[in-house]
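Read the structure below first, then the notes.
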Amino acid sequence: MNIPLQRIGFYAALSFAFISPAIIYAQAAQPTLEDARKFLDSANADLLKLGVAAAHAEWTAETNITGDTEATTARLNEEATARTLAITAESHRFDHLQLPHEMRRQIMLLQVNAPAAPKDPKLLAEETQLAAQLTGMYGKGKFCPTPDNCVGIDAISNIMAHSRDPEELTKLWVGWHAVGAPMRDKYARFMDLQNIGARELGYHDTGELWRAGYDMTPAEFSTEVERAWKQLEPLYRELHIYVRRRLIEKYGKAAERPDGLIPAQLLGNMWAQEWGNIYDIVAPTDPKLSQFKPVDLESALKKQIAEKDPAAAPTFASGVDLSSDKGHAASLAAGKAMVHYGEDFFKSLGFPPLPATFWERSQFVHPRDREVVCHASAWDVDNVDDLRVKMCIEVNADYFTTVHHELGHNFYQRAYNKQPYLFRNGANDGFHEAIGDSIALSITPTYLKTLGLTDSEPPAEADIPLQLRTALDKVAFLPFALALDKWRWQVFSGQIKPADYNKAWWQLRAQYQGVAPPVDRTEADFDAGAKNHIPTNVPYVRYFLARIYQFQFYKAMCDASGYKGALNRCSFYGSKAAGEKLAHMLEAGQSQPWQQTLKEMTGTDHLDAQPMLDYFAPLYAWLKDQNRNASH
Ligand code: X8Z
Ligand code: ZN
């Protein structure tokens, strides 16, 4: 769903409705409480109904990219957006009416979640077509080293995670980034059209509209984000200095730049957003620490899945053609087995199992016969219980986390399904992104031992290797998320012009992340377009918030479970008390300001990096020590 703000990584149905003539007629007179009630009842009912229709089209398009599915999605979104805009405009009738706070909140949410799209039907149609095209272009993106050998982003990501050949990494990086270039002009126009819509809604630009959805002013929100980053930046800096040095030790000149930046292709991930895949390169060398290796989750999962499920076993056997019927069935069984680990965690907290339809309707692996959007997402197609994931699962550590992440969305969606439609959403979008991750933080060695995925439970001295492995994913991500949306906010505000898209992209990535592209880039490239959330127009600062919230939630659930030790060793698996706490937060949806929901969950009413800093405190001290010693 490509309607700005409504289009989120997991599926949330569109907000739109039509206004009944009776209500329009009533407009002439001073509206009453009864008018407002009728308006909201009708809005909630219509939004739900039309949202479901749009969701079916969107699901079909993303699991089968063709010109036809793309056109149908664009048309449905166009219709949906037009109606959403109409109902949003209509809601202003009640701006000055005294209303019970629940009704006032629904109206407020309608207004701040309005789509950034022009009223002019021609321009609106153009915008929705561009949105669908850009999504399709990314989904179909491939790198073809030779004409008969093309690879998609999942296969490339797999190679980048494991390859230690700088030339191969550069080739893959450059090859994939070519998907961005053809998007550039379409993207520039798409941004202009959204801004026309945002201005019609009374905002300076779409970035400001996006930042208006946090129960505070857009300016206050920017200040909050900056404050949290300042809390965490010193930790990131130490990590960056340490990792850069170890990469230079490994790769020599290929990793060493005089400007102190790290070449982005060397960090184990196409966007250098999470660095856990290069743990082996940066692992502590001190034998007291190096003897404790974090669990090799990929091998452990493959072994256990093959043992438990004979149907999945051929996935890991050599010589099995995974595109054969047998091979494909095995991949599917392995994908489902991965999802069962995640479901099992939620069940252990007291949540009911996923519905049977989840297992029938989800896309767990890449289908053999068509193009699909592989980027993981979680859906609730009927906004009640038609939960699904859409992924191209492979058995590895990254997907193990992603499975928990996506199920976090699904369990949230189901938990708030008793709320009025306008409240069926995360407390804010950062909450939605944080739920599954806060569960995945419980994947400790103790938990893995419970599951039989490891037989050793390392001692306290092993915390540094493990913390480093976790920080490479969790901490390294923060400035990436920030740079991405700073870029987009500046594009929306006009501070970055299309002629400077790429220059500004790399300036921000250098400034926040301290990374550089492997080869010189020009304005013939459009590197932002090679990251899913740019062409699919999904706001990204939500993931920055989520990285921080997840430690707040995790600590709250650890406390509820009665756990007393060091935070990073806590697993609340099996704790009904933690589950109750979580369920209470999820059920509230967006029915109250997120600050209140957070306070009920954690005792704090603001984004707070402290639990994350506490979690990584031993690592921070260790990194400073390493960096100090190295500079002597
Ligand atoms: O897009 C996602 C999820 C779906 S909401 C798979 N994530 C971000 C990304 O991949 O860039 C999760 C972490 C950050
Ligand atoms: Zn997500």
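Scheme for the structure tokens: letters A, B, ... for chains in order shown; per-chain residue numbers from 1; ligand numbers from 1 in order shown.
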Excluding Ala36 of chain A and any residue of its chain fewer than 4 positions from it, enumerate the residues within 10 Å of it, using only C-alpha atoms, and give them as a tab-separated table (two decimals) with all heavy atoms, in the first residue's frame.
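The result, written out as out_28.tsv:
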chain	number	residue	atom	x	y	z
A	23	ILE	N	-24.88	13.21	6.26
A	23	ILE	CA	-23.92	13.92	7.12
A	23	ILE	C	-23.51	15.24	6.49
A	23	ILE	O	-23.41	16.26	7.14
A	23	ILE	CB	-22.71	13.02	7.43
A	23	ILE	CG1	-23.19	11.85	8.28
A	23	ILE	CG2	-21.64	13.78	8.18
A	23	ILE	CD1	-22.14	10.82	8.59
A	31	PRO	N	-22.53	21.55	14.08
A	31	PRO	CA	-22.58	20.11	14.32
A	31	PRO	C	-22.76	19.78	15.80
A	31	PRO	O	-22.30	20.53	16.67
A	31	PRO	CB	-21.22	19.61	13.82
A	31	PRO	CG	-20.34	20.80	13.85
A	31	PRO	CD	-21.21	22.01	13.68
A	32	THR	N	-23.41	18.68	16.03
A	32	THR	CA	-23.65	18.25	17.42
A	32	THR	C	-22.79	17.03	17.73
A	32	THR	O	-22.21	16.42	16.84
A	32	THR	CB	-25.12	17.85	17.60
A	32	THR	OG1	-25.36	16.71	16.75
A	32	THR	CG2	-26.07	18.98	17.23
A	40	LEU	N	-18.13	9.39	12.92
A	40	LEU	CA	-17.06	8.45	13.26
A	40	LEU	C	-17.50	7.00	13.08
A	40	LEU	O	-16.71	6.16	12.63
A	40	LEU	CB	-16.57	8.69	14.70
A	40	LEU	CG	-15.64	9.90	14.83
A	40	LEU	CD1	-15.33	10.19	16.30
A	40	LEU	CD2	-14.33	9.69	14.05
A	41	ASP	N	-18.75	6.71	13.43
A	41	ASP	CA	-19.24	5.34	13.22
A	41	ASP	C	-19.13	4.97	11.75
A	41	ASP	O	-18.65	3.91	11.38
A	41	ASP	CB	-20.70	5.20	13.66
A	41	ASP	CG	-20.80	5.12	15.18
A	41	ASP	OD1	-19.73	5.00	15.83
A	41	ASP	OD2	-21.93	5.20	15.71
A	42	SER	N	-19.61	5.90	10.93
A	42	SER	CA	-19.62	5.62	9.50
A	42	SER	C	-18.18	5.57	8.97
A	42	SER	O	-17.82	4.71	8.16
A	42	SER	CB	-20.49	6.66	8.80
A	42	SER	OG	-19.90	7.12	7.64
A	91	SER	N	-13.81	15.94	8.45
A	91	SER	CA	-13.61	15.86	9.91
A	91	SER	C	-13.35	17.23	10.53
A	91	SER	O	-13.58	17.41	11.73
A	91	SER	CB	-12.44	14.92	10.22
A	91	SER	OG	-11.21	15.54	9.90
A	93	ARG	N	-15.04	19.74	10.31
A	93	ARG	CA	-16.32	20.29	10.83
A	93	ARG	C	-16.37	20.24	12.34
A	93	ARG	O	-17.04	21.03	12.98
A	93	ARG	CB	-17.49	19.42	10.34
A	93	ARG	CG	-17.93	19.67	8.94
A	93	ARG	CD	-19.05	18.71	8.60
A	93	ARG	NE	-20.22	18.91	9.43
A	93	ARG	CZ	-21.07	17.95	9.75
A	93	ARG	NH1	-20.87	16.71	9.33
A	93	ARG	NH2	-22.13	18.21	10.50
A	94	PHE	N	-15.68	19.25	12.90
A	94	PHE	CA	-15.81	19.02	14.35
A	94	PHE	C	-14.65	19.60	15.14
A	94	PHE	O	-14.52	19.35	16.33
A	94	PHE	CB	-15.94	17.50	14.61
A	94	PHE	CG	-17.04	16.87	13.81
A	94	PHE	CD1	-16.76	16.11	12.68
A	94	PHE	CD2	-18.38	17.07	14.17
A	94	PHE	CE1	-17.78	15.56	11.93
A	94	PHE	CE2	-19.40	16.51	13.41
A	94	PHE	CZ	-19.12	15.75	12.28
A	97	LEU	N	-15.76	21.56	18.20
A	97	LEU	CA	-16.83	20.99	19.03
A	97	LEU	C	-16.21	20.28	20.23
A	97	LEU	O	-15.21	19.58	20.09
A	97	LEU	CB	-17.61	19.99	18.16
A	97	LEU	CG	-18.84	19.33	18.79
A	97	LEU	CD1	-19.93	20.37	19.03
A	97	LEU	CD2	-19.37	18.23	17.85
A	99	LEU	N	-15.71	17.45	22.52
A	99	LEU	CA	-15.97	16.01	22.30
A	99	LEU	C	-15.33	15.18	23.40
A	99	LEU	O	-14.29	15.57	23.94
A	99	LEU	CB	-15.35	15.57	20.97
A	99	LEU	CG	-15.96	16.07	19.67
A	99	LEU	CD1	-15.11	15.64	18.48
A	99	LEU	CD2	-17.38	15.55	19.51
A	103	MET	N	-13.37	10.36	21.14
A	103	MET	CA	-13.80	10.82	19.81
A	103	MET	C	-12.84	11.88	19.26
A	103	MET	O	-12.52	11.89	18.08
A	103	MET	CB	-15.22	11.38	19.89
A	103	MET	CG	-16.25	10.29	20.15
A	103	MET	SD	-17.88	10.97	20.51
A	103	MET	CE	-18.37	11.61	18.93
A	104	ARG	N	-12.39	12.76	20.15
A	104	ARG	CA	-11.45	13.80	19.71
A	104	ARG	C	-10.19	13.15	19.15
A	104	ARG	O	-9.65	13.57	18.13
A	104	ARG	CB	-11.14	14.72	20.91
A	104	ARG	CG	-10.06	15.73	20.73
A	104	ARG	CD	-10.24	16.66	19.54
A	104	ARG	NE	-11.46	17.45	19.55
A	104	ARG	CZ	-12.13	17.82	18.45
A	104	ARG	NH1	-11.68	17.49	17.24
A	104	ARG	NH2	-13.24	18.52	18.53
A	107	ILE	N	-10.61	11.73	15.63
A	107	ILE	CA	-10.59	12.79	14.62
A	107	ILE	C	-9.16	13.30	14.40
A	107	ILE	O	-8.71	13.49	13.28
A	107	ILE	CB	-11.57	13.92	15.02
A	107	ILE	CG1	-12.98	13.37	14.81
A	107	ILE	CG2	-11.32	15.20	14.22
A	107	ILE	CD1	-14.11	14.30	15.08
Requested in this report: Please identify which residues in segment 143-205 of chain A DSSP calls helix (DSSP H, G or I) from the backbone, and express them as a PyMOL selection string.
Outcome: chain A and resi 153-162+166-177+181-200
Which residues are near ligand 1 - at most 8 Å, using only C-alpha atoms and all ligand atoms? Format: as a compact mmCIF listing (two decimals) with all heavy atoms, in the first residue's frame.
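Contents of result14.txt, as written:
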# COMPACT_ATOMS: atom_id res chain seq x y z
N ILE A 8 2.92 1.06 5.56
CA ILE A 8 3.93 0.74 6.53
C ILE A 8 4.45 -0.66 6.25
O ILE A 8 3.81 -1.42 5.55
CB ILE A 8 3.41 0.90 7.96
CG1 ILE A 8 1.99 0.41 8.07
CG2 ILE A 8 3.49 2.32 8.39
CD1 ILE A 8 1.35 0.72 9.36
N GLY A 9 5.59 -0.96 6.77
CA GLY A 9 6.28 -2.21 6.45
C GLY A 9 5.40 -3.41 6.69
O GLY A 9 5.33 -4.32 5.90
N PHE A 10 4.72 -3.40 7.80
CA PHE A 10 3.70 -4.40 7.98
C PHE A 10 2.47 -3.79 7.33
O PHE A 10 2.44 -2.60 7.07
CB PHE A 10 3.43 -4.65 9.47
CG PHE A 10 3.03 -3.40 10.18
CD1 PHE A 10 1.69 -3.08 10.32
CD2 PHE A 10 3.99 -2.51 10.64
CE1 PHE A 10 1.30 -1.90 10.93
CE2 PHE A 10 3.60 -1.34 11.24
CZ PHE A 10 2.27 -1.04 11.40
N GLN A 273 23.76 -1.48 7.17
CA GLN A 273 22.83 -1.07 8.23
C GLN A 273 22.95 -1.94 9.49
O GLN A 273 22.67 -1.50 10.58
CB GLN A 273 21.40 -1.04 7.72
CG GLN A 273 20.82 -2.40 7.33
CD GLN A 273 19.38 -2.28 6.84
OE1 GLN A 273 19.12 -1.65 5.82
NE2 GLN A 273 18.44 -2.89 7.55
N HIS A 375 10.99 -8.39 0.39
CA HIS A 375 11.22 -7.69 1.66
C HIS A 375 10.13 -8.07 2.66
O HIS A 375 8.94 -7.96 2.37
CB HIS A 375 11.26 -6.17 1.46
CG HIS A 375 11.75 -5.46 2.68
ND1 HIS A 375 13.08 -5.23 2.92
CD2 HIS A 375 11.08 -5.00 3.76
CE1 HIS A 375 13.22 -4.65 4.10
NE2 HIS A 375 12.02 -4.49 4.63
N ALA A 376 10.54 -8.52 3.84
CA ALA A 376 9.60 -9.10 4.80
C ALA A 376 8.53 -8.10 5.23
O ALA A 376 8.82 -6.92 5.46
CB ALA A 376 10.36 -9.60 6.02
N SER A 377 7.30 -8.58 5.36
CA SER A 377 6.23 -7.75 5.90
C SER A 377 5.19 -8.64 6.57
O SER A 377 5.13 -9.85 6.32
CB SER A 377 5.58 -6.89 4.81
OG SER A 377 5.17 -7.71 3.74
N ALA A 378 4.40 -8.04 7.45
CA ALA A 378 3.35 -8.77 8.17
C ALA A 378 2.02 -8.09 7.90
O ALA A 378 1.95 -6.87 7.87
CB ALA A 378 3.65 -8.77 9.67
N THR A 402 14.30 -11.81 12.01
CA THR A 402 13.22 -11.21 11.22
C THR A 402 11.89 -11.92 11.46
O THR A 402 10.83 -11.29 11.49
CB THR A 402 13.59 -11.21 9.72
OG1 THR A 402 14.84 -10.55 9.57
CG2 THR A 402 12.55 -10.48 8.89
N HIS A 405 10.53 -10.52 14.48
CA HIS A 405 10.12 -9.15 14.18
C HIS A 405 8.73 -9.14 13.52
O HIS A 405 7.83 -8.41 13.95
CB HIS A 405 11.16 -8.51 13.24
CG HIS A 405 10.81 -7.13 12.80
ND1 HIS A 405 11.28 -5.99 13.45
CD2 HIS A 405 10.01 -6.67 11.80
CE1 HIS A 405 10.79 -4.92 12.85
NE2 HIS A 405 10.02 -5.30 11.84
N GLU A 406 8.57 -9.94 12.49
CA GLU A 406 7.29 -9.93 11.76
C GLU A 406 6.14 -10.44 12.63
O GLU A 406 5.03 -9.89 12.61
CB GLU A 406 7.39 -10.76 10.48
CG GLU A 406 8.39 -10.24 9.46
CD GLU A 406 8.20 -8.78 9.12
OE1 GLU A 406 7.06 -8.28 9.16
OE2 GLU A 406 9.21 -8.11 8.82
N GLU A 433 7.26 -1.50 15.33
CA GLU A 433 8.52 -2.10 14.88
C GLU A 433 9.33 -2.71 16.02
O GLU A 433 10.28 -3.46 15.77
CB GLU A 433 9.37 -1.04 14.16
CG GLU A 433 8.75 -0.46 12.90
CD GLU A 433 8.41 -1.51 11.87
OE1 GLU A 433 9.00 -2.60 11.89
OE2 GLU A 433 7.51 -1.26 11.04
N ALA A 481 19.52 4.47 10.19
CA ALA A 481 18.10 4.83 10.19
C ALA A 481 17.93 6.35 10.20
O ALA A 481 17.07 6.90 9.50
CB ALA A 481 17.40 4.21 11.40
N LYS A 531 17.49 1.00 -1.67
CA LYS A 531 17.03 0.56 -0.34
C LYS A 531 15.50 0.52 -0.37
O LYS A 531 14.84 1.54 -0.63
CB LYS A 531 17.55 1.52 0.74
CG LYS A 531 16.98 1.28 2.13
CD LYS A 531 17.43 -0.03 2.74
CE LYS A 531 16.55 -0.40 3.94
NZ LYS A 531 16.73 -1.78 4.39
N ASN A 532 14.96 -0.64 -0.06
CA ASN A 532 13.52 -0.88 -0.15
C ASN A 532 12.61 0.28 0.27
O ASN A 532 11.66 0.65 -0.42
CB ASN A 532 13.21 -2.13 0.71
CG ASN A 532 11.73 -2.34 0.93
OD1 ASN A 532 11.02 -2.78 0.04
ND2 ASN A 532 11.24 -2.00 2.11
N HIS A 533 12.89 0.87 1.43
CA HIS A 533 11.94 1.82 2.00
C HIS A 533 11.87 3.16 1.26
O HIS A 533 10.97 3.95 1.50
CB HIS A 533 12.27 2.06 3.48
CG HIS A 533 12.17 0.80 4.30
ND1 HIS A 533 13.00 -0.28 4.12
CD2 HIS A 533 11.32 0.43 5.30
CE1 HIS A 533 12.69 -1.25 4.96
NE2 HIS A 533 11.67 -0.85 5.70
N TYR A 540 11.09 5.80 7.84
CA TYR A 540 12.14 4.95 8.42
C TYR A 540 12.54 5.30 9.84
O TYR A 540 13.11 4.48 10.55
CB TYR A 540 13.38 5.00 7.51
CG TYR A 540 14.19 3.72 7.55
CD1 TYR A 540 13.78 2.59 6.84
CD2 TYR A 540 15.35 3.62 8.31
CE1 TYR A 540 14.50 1.39 6.88
CE2 TYR A 540 16.08 2.42 8.35
CZ TYR A 540 15.65 1.32 7.64
OH TYR A 540 16.36 0.14 7.67
N TYR A 543 12.15 2.88 12.76
CA TYR A 543 13.09 1.82 13.15
C TYR A 543 14.15 2.35 14.12
O TYR A 543 14.69 1.60 14.92
CB TYR A 543 13.76 1.21 11.92
CG TYR A 543 12.78 0.63 10.92
CD1 TYR A 543 12.50 1.28 9.73
CD2 TYR A 543 12.12 -0.56 11.19
CE1 TYR A 543 11.60 0.76 8.82
CE2 TYR A 543 11.21 -1.10 10.28
CZ TYR A 543 10.96 -0.43 9.09
OH TYR A 543 10.07 -0.95 8.19
Give me the residues within 7 Å of Ala61 of chain A as a short mmCIF file (atom, residue, chain, number, x, y, z; two decimals) with N, CA and C atoms, in the first residue's frame, counting only C-alpha atoms and dropping any in the same chain fewer than 5 places off.
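Output below, filename around06.cif:
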data_model
loop_
_atom_site.label_atom_id
_atom_site.label_comp_id
_atom_site.auth_asym_id
_atom_site.auth_seq_id
_atom_site.Cartn_x
_atom_site.Cartn_y
_atom_site.Cartn_z
N THR A 69 -1.42 -6.56 -11.86
CA THR A 69 -1.62 -6.42 -10.41
C THR A 69 -1.17 -5.02 -9.96
N GLU A 70 -0.14 -4.51 -10.63
CA GLU A 70 0.35 -3.16 -10.31
C GLU A 70 -0.74 -2.12 -10.62
N THR A 73 -3.68 -2.30 -8.11
CA THR A 73 -3.31 -1.68 -6.83
C THR A 73 -3.33 -0.17 -6.93
#
Query raised in the report: How many Å lie between atom CA of Pro618 of chain A and atom CA of Glu600 of chain A, rounded to one decimal?
Result: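 Between atom CA of Pro618 of chain A and atom CA of Glu600 of chain A the gap works out to 28.8 Å.
Distance check against Asp527 of chain A using only C-alpha atoms: of A:Trp505, A:Phe143, A:Phe351, A:Tyr620, the minimum falls on A:Trp505.
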**Report entry** Length of the atom CA of Phe526 of chain A to atom CA of Lys186 of chain A vector [Å]
**Finding:** 11.3 Å
Query raised in the report: Between A:Asn277, A:Asn44, A:Thr60, A:Thr88, which has the minimum distance to Asn113 of chain A (counting only C-alpha atoms)?
Result: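 The answer is A:Thr88, which sits nearest to Asn113 of chain A.
Pairwise distance (atom CA of Val372 of chain A, atom CA of Ile65 of chain A) equals 5.6 Å.
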Query raised in the report: So which one's closest to Lys336 of chain A, A:Ser324, A:Gln363, A:Asn537, A:Asn425? Using only C-alpha atoms, please.
Result: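 Checking each of A:Ser324, A:Gln363, A:Asn537, A:Asn425 against Lys336 of chain A, counting only C-alpha atoms, the winner is A:Gln363.
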Report task. Pick out the residues sitting within 12 Å of Gln592 of chain A, and hand them over as JSON, numbers by chain; count only C-alpha atoms, and ignore anything fewer than 2 positions along from it in its own chain. Result -> {"A": [101, 102, 103, 104, 105, 106, 108, 109, 214, 215, 419, 422, 423, 424, 425, 426, 427, 428, 585, 586, 587, 588, 589, 590, 594, 595, 596, 597, 598, 599, 600]}
At a cut-off of 7 Å, can you tabulate as a Markdown table every residue of segment 225-340 of chain A near segment 622-628 of chain A together with its closest atom pair and the distance in Å to one decimal, using only C-alpha atoms and ordering rows by chain then number?
| residue | atom | partner | partner_atom | distance |
| --- | --- | --- | --- | --- |
| A:Glu238 | CA | A:Leu623 | CA | 6.0 |
| A:Leu239 | CA | A:Leu623 | CA | 6.7 |
| A:Tyr242 | CA | A:Asn627 | CA | 6.2 |
Query raised in the report: Which residue out of A:Gly408, A:Gly197, A:Gly494, A:Gly141 has the minimum interatomic distance to Glu127 of chain A when only C-alpha atoms are used?
Result: A:Gly197
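When only C-alpha atoms are used to compute distances to Thr285 of chain A, the closest of the residues A:Thr128, A:Glu249, A:Asn158, A:Glu34 turns out to be A:Glu249.
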Query raised in the report: Pick the closest to ligand 2 from A:Thr170, A:Asn410, A:Gln111, A:Thr63: which is it, counting only C-alpha atoms and all ligand atoms?
Result: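 Among the listed residues, the smallest separation from ligand 2 belongs to A:Asn410.
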Report task. Please provide the set of residues having any atom within 10 Å of Ala317 of chain A, restricted to only C-alpha atoms, with same-chain residues fewer than 5 positions apart removed, written as a PyMOL selection string. Result -> chain A and resi 306+312+327
